[in-house]
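Worksheet: one structure, shown below.
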Amino acid sequence: MNKFGNIPALALLLFVPWALSACGEGLVYDPASAVHKDFSGQQALQQVQLQMQLGPRVAGSNSLEKARLHLQEILAEWGWQVKRQAFKKKTPEGEIEFVNLRVRFVGGTADGRTTDVENSQIWQRPVLGVVCSHYESKKFEAFEFSGANDPGSSVAVLLEMARVMAGRPALAKKLELVLFDGEEAFVDYTDTDGLYGSRYYAQALQQWPQKSRPRWGVLLDMVGDKDLAIRVPADSPDFLVGKLFKAADELGLRKYFGLGIQRITDDHVPLNEAGIPTIDLIDMDYAYWHTPGDTLDKLSAESLQTVGQVTLLMIEKYLLDKSEL
Ligand SMILES: [Zn+2]
């Protein structure tokens with residue numbers, strides 16, 4: 001036996017040169033080293049709970065800064081480093097400073113801290129894909145909004161993905177995780193209200209050298225409802241939708257995923273417009289959306305696990321092998 005399993009020696013000789021040139025070392029999908037199975041819905045649910053303990057996490061607030069420090073600390077434990085992308089923008093409530101969190105894998109040290117040299121290297125590394133979610137919660141004056149599903153669930157799935165991908169550095173190093181600030185509109189979604197973070201990120205991405213830009217994106221938003229029904233909006237790229245359904249099928253979880261008939265205003269839109277084909281995994285059929293009832297008891301570990309495992313399988317099996325990095 002070798003690390004490719006019990007493939008006959010001749011097949012291996014023919015296979016290896018292709019594998020190395022097309023995919024880079026360690027990126028060929030091998031069920032034995034697949035990480036989707038490691039994703040734990042229970043652990044993800046705990047991550048939702050930890051975010052909620054910080055209270056409402058509104059753009060520009062102190063509690064959102066606490067959330068940033070909290071996320072940074074957790075990610076560092078698993079070898080991921082956070083780079084802040086801060087910018088100021090006029091909103092219906094005046095100028096606000098927003099902070100996107102760009103996250104890349106370093107590995108190596110237990111606390112994820114590195115020297116400056118290593119630091120600059122990880123940010124120059126070309127990536128194949130970007131996996132993202134917004135992390136701030138919508139501002140409400142009338143009640144305390146704790147945002148278990150929106151955005152707690154998708155942030156938690158991203159964190160749990162980061163934990164399990166740390167066990168497969170070759171995969172982790174080909175991705176950038178992004179936590180967007182300012183997805184929510186202060187009044188209503190318009191060209192100038194809402195999607196603050198993803199608009200800024202997509203614009204900044206135009207400055208990256210062409211060869212280091214991500215080839216695709218996966219956005220997660222409201223993925224924890226007990227009664228899970230992910231409906232991919234109609235403006236998600238077909239090739240990504242196909243891969244999502246294939247991965248869901250293989251895990252026997254296809255019934256939770258479908259195609260929506262409408263476009264949705266969400267963080268995938270600026271990325272798609274910037275030429276990064278991005279799919280949005282969203283479950284808008286949630287009675288507690290933007291209400292005081294968006295609390296932990298409406299979520300389930302099973303739903304978080306379903307989305308986490310399917311997303312990971314889609315990435316590790318279908319979005320890395322055929323790329324040419
Ligand atoms: Zn929302």
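Ordering of the structure tokens sets the chain letters (A, B, ...), residue numbers begin anew at 1 in every chain, and ligands are numbered from 1 in the order given.
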Quiz prompt | DSSP strand (DSSP E) selection over region 66-154 of chain A, as a VMD selection string | solution = chain A and resid 80 to 91 94 to 105 129 to 134
Go through chain A residue by residue and, counting only C-alpha atoms and all ligand atoms, keep those with an atom at most 8 Å from ligand 1; for each kept residue give the shortest atom pair and its distance in Å to one decimal, ordered by chain and increasing number, as CSV.
```
residue,atom,partner,partner_atom_place_in_ligand_line,distance
A:Ser137,CA,ligand 1,1 (Zn),6.8
A:Lys138,CA,ligand 1,1 (Zn),6.0
A:Asp150,CA,ligand 1,1 (Zn),5.3
A:Pro151,CA,ligand 1,1 (Zn),6.8
A:Glu183,CA,ligand 1,1 (Zn),7.6
A:Glu184,CA,ligand 1,1 (Zn),5.7
A:Trp289,CA,ligand 1,1 (Zn),7.0
A:His290,CA,ligand 1,1 (Zn),6.2
```
Keeping N, CA and C atoms for every residue in the selection just given, could you write it to a file as a short mmCIF file (atom, residue, chain, number, x, y, z; two decimals), in the first residue's frame?
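Output file result.cif follows:
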```cif
data_model
loop_
_atom_site.label_atom_id
_atom_site.label_comp_id
_atom_site.auth_asym_id
_atom_site.auth_seq_id
_atom_site.Cartn_x
_atom_site.Cartn_y
_atom_site.Cartn_z
N SER A 137 -24.08 41.29 12.47
CA SER A 137 -25.53 41.07 12.54
C SER A 137 -26.27 42.37 12.27
N LYS A 138 -27.49 42.24 11.80
CA LYS A 138 -28.27 43.42 11.41
C LYS A 138 -28.66 44.24 12.64
N ASP A 150 -28.47 34.05 11.24
CA ASP A 150 -28.01 35.14 10.37
C ASP A 150 -27.24 36.18 11.17
N PRO A 151 -25.93 36.10 11.28
CA PRO A 151 -25.02 35.29 10.49
C PRO A 151 -24.36 34.14 11.26
N GLU A 183 -22.75 43.28 5.43
CA GLU A 183 -23.65 42.69 4.41
C GLU A 183 -25.04 43.30 4.51
N GLU A 184 -25.47 43.48 5.75
CA GLU A 184 -26.84 43.96 5.98
C GLU A 184 -26.97 45.43 5.60
N TRP A 289 -36.34 34.99 10.31
CA TRP A 289 -35.38 35.87 9.65
C TRP A 289 -35.60 37.32 10.10
N HIS A 290 -34.55 37.95 10.61
CA HIS A 290 -34.60 39.35 11.06
C HIS A 290 -35.69 39.60 12.09
#
```
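The smallest atom-to-atom distance between Met165 (chain A) and any of A:Val187, A:Val106, A:Ala234, A:Leu240, using only C-alpha atoms, is found for A:Val106.
Considering only C-alpha atoms, the residue among A:Val58, A:Ala67, A:Ala274, A:Leu159 positioned nearest to Glu141 (chain A) is A:Val58.
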Exercise. Could you check which of A:Phe105, A:Trp80, A:Tyr135, A:Phe140 is closest to Glu65 (chain A), using only C-alpha atoms?
Key: A:Tyr135
At a cut-off of 12 Å, using only C-alpha atoms, what residues contact Ile261 (chain A)? Leave out same-chain residues fewer than 3 positions from it and give the result as a CSV table (one decimal) with C-alpha atoms, in the first residue's frame.
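Written output follows (around-v2.csv):
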```
chain,number,residue,atom,x,y,z
A,231,ARG,CA,-32.2,27.2,-2.4
A,232,VAL,CA,-29.3,28.4,-4.6
A,233,PRO,CA,-30.4,31.7,-6.2
A,234,ALA,CA,-30.9,31.8,-9.9
A,235,ASP,CA,-27.8,33.9,-10.5
A,236,SER,CA,-25.4,31.3,-9.2
A,258,GLY,CA,-32.5,22.9,-4.6
A,264,ILE,CA,-31.0,37.2,-4.3
```
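Residue nearest Thr311 (chain A), chosen from A:Phe186, A:Phe39, A:Tyr200, A:Tyr29 and counting only C-alpha atoms: A:Phe39.
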Find the spatial neighbours of Ser61 (chain A), counting only C-alpha atoms, within a cut-off of 12 Å - ignore same-chain residues fewer than 4 positions away - and output them as a PDB file with all heavy atoms, in the first residue's frame.
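Full text of result_25.pdb as output:
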```pdb
ATOM      1  N   LEU A  54     -21.594  37.105  22.606  1.00  0.00           N
ATOM      2  CA  LEU A  54     -21.065  38.468  22.442  1.00  0.00           C
ATOM      3  C   LEU A  54     -22.185  39.489  22.273  1.00  0.00           C
ATOM      4  O   LEU A  54     -21.931  40.685  22.207  1.00  0.00           O
ATOM      5  CB  LEU A  54     -20.133  38.522  21.229  1.00  0.00           C
ATOM      6  CG  LEU A  54     -18.902  37.602  21.298  1.00  0.00           C
ATOM      7  CD1 LEU A  54     -18.281  37.428  19.928  1.00  0.00           C
ATOM      8  CD2 LEU A  54     -17.881  38.153  22.280  1.00  0.00           C
ATOM      9  N   GLY A  55     -23.428  39.039  22.188  1.00  0.00           N
ATOM     10  CA  GLY A  55     -24.557  39.961  21.990  1.00  0.00           C
ATOM     11  C   GLY A  55     -24.691  40.353  20.531  1.00  0.00           C
ATOM     12  O   GLY A  55     -24.040  39.759  19.665  1.00  0.00           O
ATOM     13  N   PRO A  56     -25.515  41.386  20.245  1.00  0.00           N
ATOM     14  CA  PRO A  56     -25.654  41.849  18.857  1.00  0.00           C
ATOM     15  C   PRO A  56     -24.290  42.288  18.328  1.00  0.00           C
ATOM     16  O   PRO A  56     -23.503  42.889  19.066  1.00  0.00           O
ATOM     17  CB  PRO A  56     -26.613  43.036  18.986  1.00  0.00           C
ATOM     18  CG  PRO A  56     -27.347  42.808  20.262  1.00  0.00           C
ATOM     19  CD  PRO A  56     -26.383  42.116  21.175  1.00  0.00           C
ATOM     20  N   ARG A  57     -24.017  41.975  17.078  1.00  0.00           N
ATOM     21  CA  ARG A  57     -22.690  42.234  16.518  1.00  0.00           C
ATOM     22  C   ARG A  57     -22.833  43.146  15.295  1.00  0.00           C
ATOM     23  O   ARG A  57     -22.635  42.734  14.149  1.00  0.00           O
ATOM     24  CB  ARG A  57     -22.018  40.892  16.182  1.00  0.00           C
ATOM     25  CG  ARG A  57     -21.959  39.996  17.393  1.00  0.00           C
ATOM     26  CD  ARG A  57     -21.609  38.562  17.172  1.00  0.00           C
ATOM     27  NE  ARG A  57     -22.426  37.775  16.286  1.00  0.00           N
ATOM     28  CZ  ARG A  57     -23.646  37.296  16.598  1.00  0.00           C
ATOM     29  NH1 ARG A  57     -24.205  37.537  17.764  1.00  0.00           N
ATOM     30  NH2 ARG A  57     -24.310  36.568  15.717  1.00  0.00           N
ATOM     31  N   GLU A  65     -16.101  44.330  17.302  1.00  0.00           N
ATOM     32  CA  GLU A  65     -14.644  44.258  17.484  1.00  0.00           C
ATOM     33  C   GLU A  65     -14.308  43.058  18.379  1.00  0.00           C
ATOM     34  O   GLU A  65     -13.361  42.322  18.120  1.00  0.00           O
ATOM     35  CB  GLU A  65     -14.106  45.565  18.080  1.00  0.00           C
ATOM     36  CG  GLU A  65     -12.623  45.554  18.446  1.00  0.00           C
ATOM     37  CD  GLU A  65     -11.683  45.238  17.275  1.00  0.00           C
ATOM     38  OE1 GLU A  65     -12.070  45.395  16.105  1.00  0.00           O
ATOM     39  OE2 GLU A  65     -10.534  44.811  17.552  1.00  0.00           O
ATOM     40  N   LYS A  66     -15.125  42.853  19.402  1.00  0.00           N
ATOM     41  CA  LYS A  66     -14.911  41.672  20.260  1.00  0.00           C
ATOM     42  C   LYS A  66     -15.067  40.390  19.439  1.00  0.00           C
ATOM     43  O   LYS A  66     -14.328  39.419  19.621  1.00  0.00           O
ATOM     44  CB  LYS A  66     -15.913  41.666  21.421  1.00  0.00           C
ATOM     45  CG  LYS A  66     -15.493  42.572  22.546  1.00  0.00           C
ATOM     46  CD  LYS A  66     -16.438  42.411  23.732  1.00  0.00           C
ATOM     47  CE  LYS A  66     -16.256  43.574  24.700  1.00  0.00           C
ATOM     48  NZ  LYS A  66     -17.478  43.935  25.409  1.00  0.00           N
ATOM     49  N   ALA A  67     -16.036  40.387  18.543  1.00  0.00           N
ATOM     50  CA  ALA A  67     -16.239  39.220  17.681  1.00  0.00           C
ATOM     51  C   ALA A  67     -15.015  38.979  16.797  1.00  0.00           C
ATOM     52  O   ALA A  67     -14.585  37.838  16.611  1.00  0.00           O
ATOM     53  CB  ALA A  67     -17.485  39.414  16.813  1.00  0.00           C
ATOM     54  N   ARG A  68     -14.441  40.063  16.290  1.00  0.00           N
ATOM     55  CA  ARG A  68     -13.240  39.918  15.442  1.00  0.00           C
ATOM     56  C   ARG A  68     -12.099  39.280  16.223  1.00  0.00           C
ATOM     57  O   ARG A  68     -11.440  38.363  15.743  1.00  0.00           O
ATOM     58  CB  ARG A  68     -12.787  41.292  14.920  1.00  0.00           C
ATOM     59  CG  ARG A  68     -13.586  41.786  13.745  1.00  0.00           C
ATOM     60  CD  ARG A  68     -12.931  43.002  13.120  1.00  0.00           C
ATOM     61  NE  ARG A  68     -13.208  44.226  13.830  1.00  0.00           N
ATOM     62  CZ  ARG A  68     -14.293  44.986  13.644  1.00  0.00           C
ATOM     63  NH1 ARG A  68     -15.214  44.621  12.776  1.00  0.00           N
ATOM     64  NH2 ARG A  68     -14.454  46.093  14.326  1.00  0.00           N
ATOM     65  N   ILE A  96     -19.157  54.878   8.570  1.00  0.00           N
ATOM     66  CA  ILE A  96     -18.849  53.754   9.462  1.00  0.00           C
ATOM     67  C   ILE A  96     -17.576  53.077   8.991  1.00  0.00           C
ATOM     68  O   ILE A  96     -17.317  52.987   7.783  1.00  0.00           O
ATOM     69  CB  ILE A  96     -20.035  52.750   9.478  1.00  0.00           C
ATOM     70  CG1 ILE A  96     -21.182  53.362  10.285  1.00  0.00           C
ATOM     71  CG2 ILE A  96     -19.634  51.388  10.050  1.00  0.00           C
ATOM     72  CD1 ILE A  96     -22.353  52.462  10.522  1.00  0.00           C
ATOM     73  N   GLU A  97     -16.771  52.625   9.953  1.00  0.00           N
ATOM     74  CA  GLU A  97     -15.603  51.828   9.571  1.00  0.00           C
ATOM     75  C   GLU A  97     -15.994  50.358   9.563  1.00  0.00           C
ATOM     76  O   GLU A  97     -16.491  49.827  10.565  1.00  0.00           O
ATOM     77  CB  GLU A  97     -14.415  52.039  10.507  1.00  0.00           C
ATOM     78  CG  GLU A  97     -13.200  51.313   9.936  1.00  0.00           C
ATOM     79  CD  GLU A  97     -11.935  51.413  10.780  1.00  0.00           C
ATOM     80  OE1 GLU A  97     -11.984  51.068  11.974  1.00  0.00           O
ATOM     81  OE2 GLU A  97     -10.903  51.806  10.222  1.00  0.00           O
ATOM     82  N   PHE A  98     -15.792  49.733   8.420  1.00  0.00           N
ATOM     83  CA  PHE A  98     -16.060  48.299   8.268  1.00  0.00           C
ATOM     84  C   PHE A  98     -14.724  47.562   8.244  1.00  0.00           C
ATOM     85  O   PHE A  98     -13.704  48.125   7.828  1.00  0.00           O
ATOM     86  CB  PHE A  98     -16.792  48.035   6.954  1.00  0.00           C
ATOM     87  CG  PHE A  98     -18.164  48.669   6.870  1.00  0.00           C
ATOM     88  CD1 PHE A  98     -18.339  49.891   6.243  1.00  0.00           C
ATOM     89  CD2 PHE A  98     -19.269  48.034   7.418  1.00  0.00           C
ATOM     90  CE1 PHE A  98     -19.595  50.474   6.153  1.00  0.00           C
ATOM     91  CE2 PHE A  98     -20.530  48.612   7.339  1.00  0.00           C
ATOM     92  CZ  PHE A  98     -20.693  49.832   6.700  1.00  0.00           C
ATOM     93  N   VAL A  99     -14.762  46.300   8.641  1.00  0.00           N
ATOM     94  CA  VAL A  99     -13.535  45.493   8.629  1.00  0.00           C
ATOM     95  C   VAL A  99     -13.839  44.087   8.109  1.00  0.00           C
ATOM     96  O   VAL A  99     -14.489  43.288   8.789  1.00  0.00           O
ATOM     97  CB  VAL A  99     -12.912  45.376  10.045  1.00  0.00           C
ATOM     98  CG1 VAL A  99     -11.562  44.647   9.967  1.00  0.00           C
ATOM     99  CG2 VAL A  99     -12.742  46.733  10.709  1.00  0.00           C
ATOM    100  N   GLU A 136     -21.242  40.131  10.543  1.00  0.00           N
ATOM    101  CA  GLU A 136     -21.907  41.141  11.391  1.00  0.00           C
ATOM    102  C   GLU A 136     -23.401  40.864  11.407  1.00  0.00           C
ATOM    103  O   GLU A 136     -23.949  40.260  10.482  1.00  0.00           O
ATOM    104  CB  GLU A 136     -21.584  42.550  10.871  1.00  0.00           C
ATOM    105  CG  GLU A 136     -22.681  43.259  10.097  1.00  0.00           C
ATOM    106  CD  GLU A 136     -22.960  42.651   8.718  1.00  0.00           C
ATOM    107  OE1 GLU A 136     -22.345  41.635   8.350  1.00  0.00           O
ATOM    108  OE2 GLU A 136     -23.843  43.198   8.008  1.00  0.00           O
ATOM    109  N   SER A 137     -24.078  41.286  12.468  1.00  0.00           N
ATOM    110  CA  SER A 137     -25.529  41.066  12.537  1.00  0.00           C
ATOM    111  C   SER A 137     -26.270  42.372  12.266  1.00  0.00           C
ATOM    112  O   SER A 137     -25.727  43.464  12.459  1.00  0.00           O
ATOM    113  CB  SER A 137     -25.920  40.489  13.901  1.00  0.00           C
ATOM    114  OG  SER A 137     -25.598  41.390  14.939  1.00  0.00           O
ATOM    115  N   LYS A 138     -27.492  42.237  11.799  1.00  0.00           N
ATOM    116  CA  LYS A 138     -28.269  43.421  11.408  1.00  0.00           C
ATOM    117  C   LYS A 138     -28.664  44.241  12.636  1.00  0.00           C
ATOM    118  O   LYS A 138     -28.978  43.694  13.689  1.00  0.00           O
ATOM    119  CB  LYS A 138     -29.519  42.992  10.631  1.00  0.00           C
ATOM    120  CG  LYS A 138     -30.292  44.168  10.025  1.00  0.00           C
ATOM    121  CD  LYS A 138     -31.333  43.674   9.034  1.00  0.00           C
ATOM    122  CE  LYS A 138     -32.293  44.784   8.605  1.00  0.00           C
ATOM    123  NZ  LYS A 138     -31.652  45.823   7.780  1.00  0.00           N
ATOM    124  N   LYS A 139     -28.654  45.563  12.440  1.00  0.00           N
ATOM    125  CA  LYS A 139     -28.992  46.470  13.541  1.00  0.00           C
ATOM    126  C   LYS A 139     -30.505  46.639  13.667  1.00  0.00           C
ATOM    127  O   LYS A 139     -31.185  46.914  12.678  1.00  0.00           O
ATOM    128  CB  LYS A 139     -28.356  47.835  13.273  1.00  0.00           C
ATOM    129  CG  LYS A 139     -28.583  48.836  14.381  1.00  0.00           C
ATOM    130  CD  LYS A 139     -27.853  50.141  14.090  1.00  0.00           C
ATOM    131  CE  LYS A 139     -28.044  51.113  15.246  1.00  0.00           C
ATOM    132  NZ  LYS A 139     -27.326  52.368  15.003  1.00  0.00           N
ATOM    133  N   ASP A 181     -17.802  42.146   6.484  1.00  0.00           N
ATOM    134  CA  ASP A 181     -18.529  43.078   7.352  1.00  0.00           C
ATOM    135  C   ASP A 181     -19.603  43.760   6.482  1.00  0.00           C
ATOM    136  O   ASP A 181     -19.488  43.788   5.246  1.00  0.00           O
ATOM    137  CB  ASP A 181     -17.537  44.119   7.889  1.00  0.00           C
ATOM    138  CG  ASP A 181     -18.066  44.869   9.107  1.00  0.00           C
ATOM    139  OD1 ASP A 181     -19.243  44.713   9.450  1.00  0.00           O
ATOM    140  OD2 ASP A 181     -17.267  45.631   9.706  1.00  0.00           O
ATOM    141  N   GLY A 182     -20.635  44.297   7.115  1.00  0.00           N
ATOM    142  CA  GLY A 182     -21.573  45.174   6.408  1.00  0.00           C
ATOM    143  C   GLY A 182     -22.384  44.551   5.293  1.00  0.00           C
ATOM    144  O   GLY A 182     -22.691  45.219   4.312  1.00  0.00           O
TER     145      GLY A 182
END
```
Self-check item: Ile74 (chain A) environment, 12 Å, only C-alpha atoms, sequence neighbours closer than 2 positions dropped, as a PyMOL selection string
Solution: chain A and resi 47+50-51+67-72+76-82+103+110-112+155-156+158-160+162-163
Quiz item: Leaving out Asp188 (chain A) and any residue of its chain fewer than 4 positions from it, which residues lie within 12 Å of it when counting only C-alpha atoms, given as number ranges by chain?
Solution: A: 91-92, 138, 183-184, 192-195, 265
Restricting the output to N, CA, C and O atoms, write the selected residues as a PDB file, in the first residue's frame.
```pdb
ATOM      1  N   THR A  91     -22.897  55.631   5.099  1.00  0.00           N
ATOM      2  CA  THR A  91     -24.101  54.804   5.175  1.00  0.00           C
ATOM      3  C   THR A  91     -25.267  55.735   5.533  1.00  0.00           C
ATOM      4  O   THR A  91     -25.034  56.894   5.901  1.00  0.00           O
ATOM      5  N   PRO A  92     -26.504  55.244   5.484  1.00  0.00           N
ATOM      6  CA  PRO A  92     -27.633  56.091   5.913  1.00  0.00           C
ATOM      7  C   PRO A  92     -27.486  56.535   7.369  1.00  0.00           C
ATOM      8  O   PRO A  92     -28.182  57.432   7.822  1.00  0.00           O
ATOM      9  N   LYS A 138     -27.492  42.237  11.799  1.00  0.00           N
ATOM     10  CA  LYS A 138     -28.269  43.421  11.408  1.00  0.00           C
ATOM     11  C   LYS A 138     -28.664  44.241  12.636  1.00  0.00           C
ATOM     12  O   LYS A 138     -28.978  43.694  13.689  1.00  0.00           O
ATOM     13  N   GLU A 183     -22.752  43.276   5.431  1.00  0.00           N
ATOM     14  CA  GLU A 183     -23.647  42.693   4.407  1.00  0.00           C
ATOM     15  C   GLU A 183     -25.038  43.295   4.514  1.00  0.00           C
ATOM     16  O   GLU A 183     -25.707  43.584   3.524  1.00  0.00           O
ATOM     17  N   GLU A 184     -25.471  43.477   5.753  1.00  0.00           N
ATOM     18  CA  GLU A 184     -26.838  43.960   5.985  1.00  0.00           C
ATOM     19  C   GLU A 184     -26.974  45.431   5.605  1.00  0.00           C
ATOM     20  O   GLU A 184     -26.079  46.229   5.857  1.00  0.00           O
ATOM     21  N   THR A 192     -26.031  51.723  -2.839  1.00  0.00           N
ATOM     22  CA  THR A 192     -25.113  52.295  -1.841  1.00  0.00           C
ATOM     23  C   THR A 192     -25.384  51.822  -0.410  1.00  0.00           C
ATOM     24  O   THR A 192     -24.699  52.227   0.513  1.00  0.00           O
ATOM     25  N   ASP A 193     -26.371  50.965  -0.220  1.00  0.00           N
ATOM     26  CA  ASP A 193     -26.647  50.444   1.137  1.00  0.00           C
ATOM     27  C   ASP A 193     -26.671  48.918   1.097  1.00  0.00           C
ATOM     28  O   ASP A 193     -27.368  48.313   0.280  1.00  0.00           O
ATOM     29  N   GLY A 194     -25.915  48.302   1.999  1.00  0.00           N
ATOM     30  CA  GLY A 194     -25.800  46.841   2.038  1.00  0.00           C
ATOM     31  C   GLY A 194     -24.612  46.365   1.203  1.00  0.00           C
ATOM     32  O   GLY A 194     -24.063  47.121   0.385  1.00  0.00           O
ATOM     33  N   LEU A 195     -24.170  45.129   1.461  1.00  0.00           N
ATOM     34  CA  LEU A 195     -23.042  44.503   0.742  1.00  0.00           C
ATOM     35  C   LEU A 195     -21.768  45.361   0.777  1.00  0.00           C
ATOM     36  O   LEU A 195     -20.976  45.336  -0.157  1.00  0.00           O
ATOM     37  N   THR A 265     -30.122  39.348  -3.478  1.00  0.00           N
ATOM     38  CA  THR A 265     -29.067  40.315  -3.200  1.00  0.00           C
ATOM     39  C   THR A 265     -28.261  39.805  -2.018  1.00  0.00           C
ATOM     40  O   THR A 265     -28.765  39.749  -0.901  1.00  0.00           O
TER      41      THR A 265
END
```
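Of the listed residues (A:Ala166, A:Asp38, A:Gly217, A:Gln85), A:Gly217 comes nearest to Ile315 (chain A); the distances count only C-alpha atoms.
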Quiz item: Of the candidates A:Ser40, A:Thr295, A:Thr278, A:Ser120, which shows the shortest atom-to-atom distance to Gln53 (chain A), using only C-alpha atoms?
Solution: A:Thr295
Exercise. Give me the residues within 12 Å of Leu253 (chain A) as a list in words, counting only C-alpha atoms and dropping any in the same chain fewer than 6 places off.
Key: Leu228, Ala229, Ile230, Leu244, Phe245, Lys246, Ala247, Glu302, Ser303, Gln305, Thr306, Val307, Gly308, Gln309, Val310, Thr311 and Leu313 of chain A
